[in-house]
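One file, data_18.csv, is given below (CSV, N, CA and C atoms).
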chain,number,residue,atom,x,y,z
V,24,MET,N,46.8,14.6,8.9
V,24,MET,CA,45.5,15.1,8.4
V,24,MET,C,45.2,14.4,7.1
V,25,ALA,N,46.1,14.1,6.3
V,25,ALA,CA,45.8,13.5,5.0
V,25,ALA,C,45.3,12.1,5.3
V,26,ILE,N,45.8,11.4,6.4
V,26,ILE,CA,45.3,10.1,6.7
V,26,ILE,C,43.9,10.1,7.0
V,27,LEU,N,43.4,11.1,7.8
V,27,LEU,CA,42.0,11.2,8.2
V,27,LEU,C,41.2,11.5,7.0
V,28,GLU,N,41.6,12.3,6.1
V,28,GLU,CA,40.8,12.6,4.9
V,28,GLU,C,40.7,11.3,4.0
V,29,GLU,N,41.8,10.6,3.9
V,29,GLU,CA,41.8,9.4,3.1
V,29,GLU,C,40.9,8.3,3.7
V,30,GLN,N,40.9,8.2,5.1
V,30,GLN,CA,40.0,7.3,5.7
V,30,GLN,C,38.5,7.7,5.6
V,31,SER,N,38.3,9.0,5.7
V,31,SER,CA,36.9,9.6,5.5
V,31,SER,C,36.4,9.3,4.1
V,32,ALA,N,37.3,9.5,3.1
V,32,ALA,CA,36.9,9.3,1.7
V,32,ALA,C,36.6,7.8,1.5
V,33,LYS,N,37.5,7.0,2.1
V,33,LYS,CA,37.3,5.5,1.9
V,33,LYS,C,36.0,5.1,2.6
V,34,SER,N,35.7,5.6,3.7
V,34,SER,CA,34.4,5.3,4.4
V,34,SER,C,33.2,5.8,3.6
V,35,ASN,N,33.3,7.0,3.1
V,35,ASN,CA,32.2,7.5,2.3
V,35,ASN,C,32.0,6.7,1.0
V,36,ALA,N,33.1,6.2,0.4
V,36,ALA,CA,33.0,5.4,-0.8
V,36,ALA,C,32.3,4.0,-0.4
V,37,GLU,N,32.7,3.5,0.7
V,37,GLU,CA,32.1,2.2,1.1
V,37,GLU,C,30.6,2.4,1.4
V,38,LYS,N,30.2,3.5,2.0
V,38,LYS,CA,28.8,3.7,2.3
V,38,LYS,C,28.0,3.9,1.0
V,39,ALA,N,28.6,4.6,0.1
V,39,ALA,CA,28.0,4.8,-1.2
V,39,ALA,C,27.8,3.5,-2.0
V,40,ALA,N,28.8,2.7,-1.9
V,40,ALA,CA,28.8,1.4,-2.6
V,40,ALA,C,27.7,0.5,-2.0
V,41,GLU,N,27.6,0.5,-0.6
V,41,GLU,CA,26.6,-0.3,0.1
V,41,GLU,C,25.2,0.2,-0.2
V,42,ALA,N,25.0,1.5,-0.3
V,42,ALA,CA,23.7,2.1,-0.6
V,42,ALA,C,23.3,1.7,-2.1
V,43,SER,N,24.3,1.8,-3.0
V,43,SER,CA,24.1,1.4,-4.4
V,43,SER,C,23.7,0.0,-4.5
V,44,LYS,N,24.4,-0.9,-3.7
V,44,LYS,CA,24.1,-2.3,-3.8
V,44,LYS,C,22.7,-2.6,-3.2
V,45,LYS,N,22.4,-1.9,-2.1
V,45,LYS,CA,21.0,-2.1,-1.5
V,45,LYS,C,19.9,-1.6,-2.5
V,46,LYS,N,20.2,-0.5,-3.2
V,46,LYS,CA,19.2,0.0,-4.1
V,46,LYS,C,19.0,-1.0,-5.3
V,47,ALA,N,20.1,-1.6,-5.8
V,47,ALA,CA,20.1,-2.5,-6.9
V,47,ALA,C,19.3,-3.8,-6.5
V,48,ILE,N,19.5,-4.2,-5.2
V,48,ILE,CA,18.7,-5.4,-4.7
V,48,ILE,C,17.3,-5.1,-4.7
V,49,GLU,N,16.9,-3.9,-4.1
V,49,GLU,CA,15.5,-3.6,-4.0
V,49,GLU,C,14.8,-3.4,-5.4
V,50,VAL,N,15.6,-2.7,-6.3
V,50,VAL,CA,15.0,-2.5,-7.6
V,50,VAL,C,14.8,-3.9,-8.3
V,51,GLU,N,15.8,-4.8,-8.1
V,51,GLU,CA,15.6,-6.1,-8.7
V,51,GLU,C,14.4,-6.8,-8.2
V,52,GLY,N,14.2,-6.7,-6.9
V,52,GLY,CA,13.0,-7.3,-6.3
V,52,GLY,C,11.7,-6.7,-6.8
V,53,ILE,N,11.7,-5.4,-6.9
V,53,ILE,CA,10.5,-4.8,-7.5
V,53,ILE,C,10.3,-5.2,-8.9
V,54,ALA,N,11.4,-5.3,-9.7
V,54,ALA,CA,11.3,-5.8,-11.1
V,54,ALA,C,10.7,-7.2,-11.2
V,55,LYS,N,11.1,-8.1,-10.3
V,55,LYS,CA,10.5,-9.4,-10.3
V,55,LYS,C,9.1,-9.4,-10.0
V,56,GLU,N,8.7,-8.6,-9.0
V,56,GLU,CA,7.2,-8.5,-8.7
V,56,GLU,C,6.5,-7.9,-9.9
V,57,TRP,N,7.0,-6.9,-10.5
V,57,TRP,CA,6.4,-6.3,-11.6
V,57,TRP,C,6.2,-7.3,-12.8
V,58,ALA,N,7.2,-8.0,-13.1
V,58,ALA,CA,7.2,-9.0,-14.2
V,58,ALA,C,6.1,-10.1,-13.9
V,59,ILE,N,6.1,-10.5,-12.7
V,59,ILE,CA,5.1,-11.6,-12.3
V,59,ILE,C,3.7,-11.0,-12.5
V,60,LYS,N,3.5,-9.8,-12.0
V,60,LYS,CA,2.1,-9.2,-12.1
V,60,LYS,C,1.8,-8.9,-13.5
V,61,GLU,N,2.7,-8.4,-14.3
V,61,GLU,CA,2.5,-8.1,-15.7
V,61,GLU,C,2.2,-9.3,-16.5
V,62,TYR,N,2.9,-10.4,-16.2
V,62,TYR,CA,2.7,-11.7,-16.9
V,62,TYR,C,1.2,-12.1,-16.7
V,63,GLY,N,0.8,-12.1,-15.4
V,63,GLY,CA,-0.6,-12.5,-15.1
V,63,GLY,C,-1.6,-11.6,-15.9
V,64,LEU,N,-1.4,-10.3,-15.8
V,64,LEU,CA,-2.3,-9.4,-16.5
V,64,LEU,C,-2.3,-9.6,-18.0
V,65,ARG,N,-1.2,-9.8,-18.6
V,65,ARG,CA,-1.1,-10.0,-20.1
V,65,ARG,C,-1.7,-11.4,-20.5
V,66,MET,N,-1.5,-12.4,-19.6
V,66,MET,CA,-2.2,-13.7,-19.9
V,66,MET,C,-3.7,-13.6,-19.8
V,67,LEU,N,-4.2,-12.9,-18.8
V,67,LEU,CA,-5.6,-12.7,-18.7
V,67,LEU,C,-6.2,-11.8,-19.8
V,68,GLY,N,-5.4,-10.9,-20.2
V,68,GLY,CA,-5.8,-10.0,-21.3
V,68,GLY,C,-5.7,-10.6,-22.7
V,69,GLY,N,-5.1,-11.8,-22.8
V,69,GLY,CA,-4.9,-12.5,-24.0
V,69,GLY,C,-3.8,-11.9,-24.9
V,70,ASP,N,-2.9,-11.1,-24.3
V,70,ASP,CA,-1.8,-10.5,-25.1
V,70,ASP,C,-0.7,-11.5,-25.3
V,71,LEU,N,-0.6,-12.6,-24.5
V,71,LEU,CA,0.5,-13.5,-24.6
V,71,LEU,C,0.0,-14.9,-25.1
V,72,ASP,N,0.8,-15.6,-25.8
V,72,ASP,CA,0.5,-16.9,-26.2
V,72,ASP,C,0.4,-17.8,-25.0
V,73,ASP,N,-0.5,-18.8,-25.0
V,73,ASP,CA,-0.6,-19.7,-23.8
V,73,ASP,C,0.6,-20.5,-23.6
V,74,SER,N,1.5,-20.7,-24.6
V,74,SER,CA,2.7,-21.5,-24.4
V,74,SER,C,3.8,-20.7,-23.8
V,75,THR,N,3.6,-19.4,-23.6
V,75,THR,CA,4.7,-18.6,-23.0
V,75,THR,C,4.7,-18.8,-21.5
V,76,SER,N,5.8,-19.2,-20.9
V,76,SER,CA,5.9,-19.4,-19.5
V,76,SER,C,6.3,-18.1,-18.8
V,77,GLU,N,6.1,-18.1,-17.5
V,77,GLU,CA,6.3,-17.0,-16.7
V,77,GLU,C,7.8,-16.6,-16.8
V,78,LYS,N,8.7,-17.6,-16.7
V,78,LYS,CA,10.1,-17.4,-16.8
V,78,LYS,C,10.5,-16.8,-18.1
V,79,ASP,N,10.0,-17.3,-19.2
V,79,ASP,CA,10.3,-16.8,-20.6
V,79,ASP,C,9.8,-15.3,-20.7
V,80,PHE,N,8.7,-15.0,-20.1
V,80,PHE,CA,8.2,-13.6,-20.1
V,80,PHE,C,9.1,-12.7,-19.3
V,81,MET,N,9.5,-13.2,-18.2
V,81,MET,CA,10.4,-12.4,-17.3
V,81,MET,C,11.8,-12.1,-18.0
V,82,VAL,N,12.3,-13.1,-18.8
V,82,VAL,CA,13.5,-12.9,-19.5
V,82,VAL,C,13.3,-11.9,-20.6
V,83,SER,N,12.2,-12.0,-21.3
V,83,SER,CA,12.0,-11.1,-22.5
V,83,SER,C,11.6,-9.7,-22.1
V,84,ALA,N,11.0,-9.5,-20.9
V,84,ALA,CA,10.5,-8.2,-20.5
V,84,ALA,C,11.4,-7.6,-19.4
V,85,TRP,N,12.6,-8.2,-19.1
V,85,TRP,CA,13.4,-7.8,-18.0
V,85,TRP,C,13.8,-6.3,-18.1
V,86,ASP,N,14.2,-5.8,-19.3
V,86,ASP,CA,14.6,-4.4,-19.4
V,86,ASP,C,13.4,-3.5,-19.0
V,87,GLU,N,12.2,-3.9,-19.5
V,87,GLU,CA,11.0,-3.1,-19.2
V,87,GLU,C,10.7,-3.1,-17.7
V,88,ALA,N,10.9,-4.3,-17.1
V,88,ALA,CA,10.7,-4.5,-15.7
V,88,ALA,C,11.7,-3.6,-14.9
V,89,LEU,N,12.9,-3.6,-15.3
V,89,LEU,CA,13.9,-2.8,-14.5
V,89,LEU,C,13.6,-1.3,-14.6
V,90,THR,N,13.2,-0.9,-15.8
V,90,THR,CA,12.8,0.5,-16.0
V,90,THR,C,11.6,0.9,-15.1
V,91,ALA,N,10.6,0.1,-15.1
V,91,ALA,CA,9.4,0.3,-14.3
V,91,ALA,C,9.8,0.3,-12.8
V,92,ALA,N,10.7,-0.7,-12.4
V,92,ALA,CA,11.1,-0.8,-11.0
V,92,ALA,C,11.9,0.4,-10.6
V,93,GLY,N,12.8,0.9,-11.4
V,93,GLY,CA,13.5,2.1,-11.1
V,93,GLY,C,12.7,3.3,-10.8
V,94,GLU,N,11.7,3.5,-11.7
V,94,GLU,CA,10.7,4.6,-11.5
V,94,GLU,C,9.9,4.4,-10.2
V,95,THR,N,9.5,3.2,-9.9
V,95,THR,CA,8.8,2.9,-8.7
V,95,THR,C,9.6,3.1,-7.5
V,96,TYR,N,10.9,2.7,-7.5
V,96,TYR,CA,11.8,2.9,-6.4
V,96,TYR,C,12.0,4.3,-6.1
V,97,ASP,N,12.2,5.1,-7.2
V,97,ASP,CA,12.4,6.6,-7.0
V,97,ASP,C,11.2,7.2,-6.4
V,98,ARG,N,10.0,6.8,-6.9
V,98,ARG,CA,8.7,7.4,-6.4
V,98,ARG,C,8.5,7.0,-4.9
V,99,ILE,N,8.7,5.8,-4.5
V,99,ILE,CA,8.4,5.4,-3.1
V,99,ILE,C,9.4,5.9,-2.2
V,100,ASN,N,10.6,6.4,-2.6
V,100,ASN,CA,11.6,6.9,-1.8
V,100,ASN,C,11.6,8.5,-1.8
V,101,SER,N,10.6,9.1,-2.5
V,101,SER,CA,10.6,10.5,-2.6
V,101,SER,C,10.0,11.1,-1.4
V,102,GLU,N,10.3,12.3,-1.1
V,102,GLU,CA,9.8,13.0,0.1
V,102,GLU,C,8.3,13.2,0.0
V,103,GLU,N,7.8,13.5,-1.2
V,103,GLU,CA,6.4,13.7,-1.4
V,103,GLU,C,5.6,12.4,-1.1
V,104,TYR,N,6.1,11.2,-1.5
V,104,TYR,CA,5.4,10.0,-1.3
V,104,TYR,C,5.4,9.6,0.2
V,105,ILE,N,6.5,9.9,0.8
V,105,ILE,CA,6.7,9.6,2.3
V,105,ILE,C,5.7,10.4,3.1
V,106,GLU,N,5.6,11.7,2.7
V,106,GLU,CA,4.6,12.6,3.4
V,106,GLU,C,3.2,12.2,3.2
V,107,GLN,N,2.9,11.8,1.9
V,107,GLN,CA,1.6,11.3,1.6
V,107,GLN,C,1.2,10.1,2.4
V,108,MET,N,2.1,9.1,2.5
V,108,MET,CA,1.9,7.9,3.3
V,108,MET,C,1.7,8.2,4.8
V,109,SER,N,2.5,9.2,5.3
V,109,SER,CA,2.4,9.5,6.7
V,109,SER,C,1.0,10.2,7.0
V,110,ARG,N,0.5,11.0,6.1
V,110,ARG,CA,-0.8,11.6,6.2
V,110,ARG,C,-1.9,10.5,6.2
V,111,MET,N,-1.7,9.5,5.3
V,111,MET,CA,-2.7,8.4,5.2
V,111,MET,C,-2.7,7.6,6.5
V,112,ASP,N,-1.5,7.4,7.1
V,112,ASP,CA,-1.4,6.6,8.3
V,112,ASP,C,-2.1,7.3,9.5
V,113,LYS,N,-1.9,8.6,9.5
V,113,LYS,CA,-2.5,9.4,10.6
V,113,LYS,C,-4.0,9.3,10.5
V,114,GLY,N,-4.5,9.4,9.2
V,114,GLY,CA,-6.0,9.3,9.0
V,114,GLY,C,-6.5,7.9,9.4
V,115,LYS,N,-5.7,6.9,9.2
V,115,LYS,CA,-6.1,5.5,9.5
V,115,LYS,C,-6.2,5.3,11.0
V,116,VAL,N,-5.2,5.9,11.7
V,116,VAL,CA,-5.1,5.7,13.2
V,116,VAL,C,-6.3,6.4,13.8
V,117,SER,N,-6.6,7.6,13.4
V,117,SER,CA,-7.7,8.4,14.0
V,117,SER,C,-9.1,7.8,13.7
V,118,SER,N,-9.2,7.0,12.6
V,118,SER,CA,-10.5,6.5,12.2
V,118,SER,C,-10.6,5.0,12.4
V,119,GLU,N,-9.6,4.4,13.0
V,119,GLU,CA,-9.5,2.9,13.1
V,119,GLU,C,-10.7,2.3,13.8
V,120,ASN,N,-11.1,2.9,15.0
V,120,ASN,CA,-12.1,2.3,15.8
V,120,ASN,C,-13.4,3.0,15.6
V,121,LYS,N,-13.6,3.8,14.6
V,121,LYS,CA,-14.9,4.6,14.5
V,121,LYS,C,-15.7,3.9,13.4
V,122,LEU,N,-17.0,4.0,13.5
V,122,LEU,CA,-17.9,3.5,12.5
V,122,LEU,C,-18.0,4.4,11.4
V,123,PHE,N,-18.0,5.8,11.6
V,123,PHE,CA,-18.0,6.8,10.6
V,123,PHE,C,-16.9,7.8,10.9
V,124,TRP,N,-16.3,8.3,9.8
V,124,TRP,CA,-15.3,9.3,10.0
V,124,TRP,C,-15.3,10.3,8.8
V,125,ASP,N,-14.6,11.4,8.9
V,125,ASP,CA,-14.5,12.4,7.9
V,125,ASP,C,-13.7,11.8,6.7
V,126,GLY,N,-14.1,12.1,5.5
V,126,GLY,CA,-13.4,11.5,4.4
V,126,GLY,C,-13.7,10.1,4.0
V,127,MET,N,-14.7,9.6,4.7
V,127,MET,CA,-15.1,8.2,4.5
V,127,MET,C,-15.7,8.1,3.1
V,128,PRO,N,-15.4,7.0,2.3
V,128,PRO,CA,-16.0,6.8,1.0
V,128,PRO,C,-17.5,6.8,1.1
V,129,PRO,N,-18.2,7.5,0.3
V,129,PRO,CA,-19.7,7.6,0.3
V,129,PRO,C,-20.4,6.2,0.3
V,130,MET,N,-19.9,5.3,-0.5
V,130,MET,CA,-20.5,4.0,-0.6
V,130,MET,C,-20.3,3.2,0.7
V,131,LEU,N,-19.2,3.3,1.3
V,131,LEU,CA,-19.0,2.6,2.6
V,131,LEU,C,-19.9,3.2,3.7
V,132,ARG,N,-20.0,4.5,3.7
V,132,ARG,CA,-20.9,5.2,4.6
V,132,ARG,C,-22.3,4.7,4.5
V,133,LYS,N,-22.7,4.6,3.2
V,133,LYS,CA,-24.1,4.2,3.0
V,133,LYS,C,-24.3,2.8,3.5
V,134,LYS,N,-23.4,1.9,3.2
V,134,LYS,CA,-23.5,0.5,3.6
V,134,LYS,C,-23.5,0.4,5.2
V,135,ARG,N,-22.7,1.2,5.8
V,135,ARG,CA,-22.7,1.2,7.3
V,135,ARG,C,-24.0,1.8,7.9
V,136,GLU,N,-24.5,2.8,7.2
V,136,GLU,CA,-25.8,3.4,7.7
V,136,GLU,C,-26.9,2.3,7.6
V,137,MET,N,-26.9,1.6,6.5
V,137,MET,CA,-27.9,0.5,6.3
V,137,MET,C,-27.7,-0.5,7.4
V,138,MET,N,-26.5,-0.9,7.7
V,138,MET,CA,-26.2,-1.9,8.7
V,138,MET,C,-26.7,-1.4,10.0
V,139,VAL,N,-26.5,-0.2,10.4
V,139,VAL,CA,-26.9,0.4,11.7
V,139,VAL,C,-28.5,0.4,11.7
V,140,LYS,N,-29.1,0.7,10.6
V,140,LYS,CA,-30.6,0.7,10.6
V,140,LYS,C,-31.1,-0.7,10.9
V,141,LYS,N,-30.5,-1.7,10.2
V,141,LYS,CA,-30.9,-3.1,10.4
V,141,LYS,C,-30.7,-3.5,11.9
V,142,VAL,N,-29.6,-3.2,12.5
V,142,VAL,CA,-29.3,-3.6,13.8
V,142,VAL,C,-30.3,-2.9,14.8
V,143,LYS,N,-30.6,-1.6,14.5
V,143,LYS,CA,-31.6,-0.9,15.3
V,143,LYS,C,-32.9,-1.5,15.3
V,144,LYS,N,-33.3,-1.9,14.1
V,144,LYS,CA,-34.7,-2.5,13.8
V,144,LYS,C,-34.8,-3.8,14.6
V,145,GLN,N,-33.7,-4.6,14.5
V,145,GLN,CA,-33.7,-5.9,15.2
V,145,GLN,C,-33.8,-5.8,16.7
V,146,TYR,N,-33.1,-4.9,17.3
V,146,TYR,CA,-33.0,-4.8,18.7
V,146,TYR,C,-33.8,-3.7,19.3
V,147,MET,N,-34.7,-3.0,18.6
V,147,MET,CA,-35.5,-1.9,19.1
V,147,MET,C,-36.4,-2.4,20.2
V,148,ASP,N,-36.9,-3.5,20.1
V,148,ASP,CA,-37.8,-4.0,21.2
V,148,ASP,C,-37.1,-4.3,22.5
V,149,LEU,N,-35.8,-4.6,22.4
V,149,LEU,CA,-35.0,-5.0,23.6
V,149,LEU,C,-34.4,-3.8,24.3
V,150,LEU,N,-34.0,-2.8,23.6
V,150,LEU,CA,-33.2,-1.7,24.1
V,150,LEU,C,-33.9,-0.3,23.7
V,151,SER,N,-33.6,0.7,24.5
V,151,SER,CA,-34.1,2.0,24.1
V,151,SER,C,-33.2,2.6,23.0
V,152,GLU,N,-33.6,3.6,22.3
V,152,GLU,CA,-32.8,4.2,21.2
V,152,GLU,C,-31.5,4.7,21.7
V,153,GLU,N,-31.5,5.3,22.9
V,153,GLU,CA,-30.2,5.9,23.5
V,153,GLU,C,-29.2,4.7,23.8
V,154,ASP,N,-29.7,3.6,24.3
V,154,ASP,CA,-28.8,2.5,24.6
V,154,ASP,C,-28.2,1.9,23.3
V,155,LEU,N,-29.1,1.9,22.2
V,155,LEU,CA,-28.6,1.4,21.0
V,155,LEU,C,-27.5,2.3,20.4
V,156,GLU,N,-27.7,3.6,20.4
V,156,GLU,CA,-26.7,4.6,20.0
V,156,GLU,C,-25.4,4.4,20.7
V,157,ARG,N,-25.5,4.3,22.0
V,157,ARG,CA,-24.3,4.2,22.9
V,157,ARG,C,-23.6,2.9,22.5
V,158,ILE,N,-24.2,1.8,22.3
V,158,ILE,CA,-23.6,0.5,22.0
V,158,ILE,C,-23.0,0.6,20.6
V,159,ILE,N,-23.7,1.1,19.7
V,159,ILE,CA,-23.1,1.1,18.3
V,159,ILE,C,-21.9,2.0,18.2
V,160,LEU,N,-22.0,3.2,18.8
V,160,LEU,CA,-20.9,4.1,18.7
V,160,LEU,C,-19.7,3.9,19.7
V,161,SER,N,-19.9,3.0,20.6
V,161,SER,CA,-18.8,2.7,21.5
V,161,SER,C,-17.8,1.8,20.9
V,162,ASP,N,-16.7,1.7,21.6
V,162,ASP,CA,-15.5,0.9,21.0
V,162,ASP,C,-16.0,-0.2,20.1
This structure in structure tokens:
Amino acid sequence: MAILEEQSAKSNAEKAAEASKKKAIEVEGIAKEWAIKEYGLRMLGGDLDDSTSEKDFMVSAWDEALTAAGETYDRINSEEYIEQMSRMDKGKVSSENKLFWDGMPPMLRKKREMMVKKVKKQYMDLLSEEDLERIILSD
């Protein structure tokens, strides 16, 4: 029995070490992306001297990048974030092939309505109104 418990503890320790290593790799990747993005933003904002290279900035801001990356990693792996993303994906799937849908941004709706009006105006002499509606709202 002690041998089984020892093997189980060893297996659990290996899994924990592997998960920790995987998290560290992902956090480091996020930190690199954050540092590159932040370098670009700060250069455009004029916060950095033009002589500062991206590599120098990454070295100097690495601790800040790791902190931000850790927060981002925790947020994107939280249950709340995962649920939010699944809700958004369901909304995208249901509205993927529709011209108009519930929750559509008002500006996009207005642009699409204008587009439909222009198309109707162009083809009004060729097709009846019912045919145009059917064509526009079909696949």
Kindly provide, as a PDB file with N, CA and C atoms, in the frame of the given file, the polymer residues lying within 6.5 Å of (-22.1, 6.2, 11.3), counting all atoms listed in the file and using the coordinates exactly as they appear in the file.
ATOM      1  N   LEU V 122     -17.000   4.000  13.500  1.00  0.00           N
ATOM      2  CA  LEU V 122     -17.900   3.500  12.500  1.00  0.00           C
ATOM      3  C   LEU V 122     -18.000   4.400  11.400  1.00  0.00           C
ATOM      4  N   PHE V 123     -18.000   5.800  11.600  1.00  0.00           N
ATOM      5  CA  PHE V 123     -18.000   6.800  10.600  1.00  0.00           C
ATOM      6  C   PHE V 123     -16.900   7.800  10.900  1.00  0.00           C
ATOM      7  N   TRP V 124     -16.300   8.300   9.800  1.00  0.00           N
ATOM      8  CA  TRP V 124     -15.300   9.300  10.000  1.00  0.00           C
ATOM      9  C   TRP V 124     -15.300  10.300   8.800  1.00  0.00           C
ATOM     10  N   ARG V 135     -22.700   1.200   5.800  1.00  0.00           N
ATOM     11  CA  ARG V 135     -22.700   1.200   7.300  1.00  0.00           C
ATOM     12  C   ARG V 135     -24.000   1.800   7.900  1.00  0.00           C
ATOM     13  N   GLU V 136     -24.500   2.800   7.200  1.00  0.00           N
ATOM     14  CA  GLU V 136     -25.800   3.400   7.700  1.00  0.00           C
ATOM     15  C   GLU V 136     -26.900   2.300   7.600  1.00  0.00           C
TER      16      GLU V 136
END
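When atom CA of Glu77 of chain V is paired with atom CA of Ile59 of chain V, their separation reads 7.1 Å.
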Using only C-alpha atoms, the shortest atom-to-atom distance to Lys143 of chain V among V:Arg65, V:Lys121, V:Arg157, V:Lys113 belongs to V:Arg157
Can you check which residues of chain V DSSP gives as helix (DSSP H, G or I) on the backbone and send them as a PyMOL selection string?
chain V and resi 25-68+77-83+85-99+102-118+129-146+152-160
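Relative to atom C of Ser76 of chain V, atom CA of Lys44 of chain V is found at 28.1 Å.
With distances restricted to only N, CA and C atoms, V:Ala58 is the closest residue to Val82 of chain V from V:Ala39, V:Ala58, V:Ile48, V:Leu131.
For the atom pair formed by atom N of Met127 of chain V and atom C of Arg110 of chain V, the distance is 12.9 Å, given to one decimal.
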When you look at Ala88 of chain V with a cut-off of 6 Å (counting only N, CA and C atoms), what residues show up, excluding the ones that are within fewer than 4 positions of it in the same chain? I need them as an mmCIF file with N, CA and C atoms, in the frame of the given file.
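After the write, selection.cif holds the following:
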data_model
loop_
_atom_site.group_PDB
_atom_site.id
_atom_site.type_symbol
_atom_site.label_atom_id
_atom_site.label_comp_id
_atom_site.auth_asym_id
_atom_site.auth_seq_id
_atom_site.Cartn_x
_atom_site.Cartn_y
_atom_site.Cartn_z
ATOM 1 N N ALA V 54 11.400 -5.300 -9.700
ATOM 2 C CA ALA V 54 11.300 -5.800 -11.100
ATOM 3 C C ALA V 54 10.700 -7.200 -11.200
ATOM 4 N N ALA V 58 7.200 -8.000 -13.100
ATOM 5 C CA ALA V 58 7.200 -9.000 -14.200
ATOM 6 C C ALA V 58 6.100 -10.100 -13.900
ATOM 7 N N ALA V 84 11.000 -9.500 -20.900
ATOM 8 C CA ALA V 84 10.500 -8.200 -20.500
ATOM 9 C C ALA V 84 11.400 -7.600 -19.400
ATOM 10 N N ALA V 92 10.700 -0.700 -12.400
ATOM 11 C CA ALA V 92 11.100 -0.800 -11.000
ATOM 12 C C ALA V 92 11.900 0.400 -10.600
ATOM 13 N N GLY V 93 12.800 0.900 -11.400
ATOM 14 C CA GLY V 93 13.500 2.100 -11.100
ATOM 15 C C GLY V 93 12.700 3.300 -10.800
#
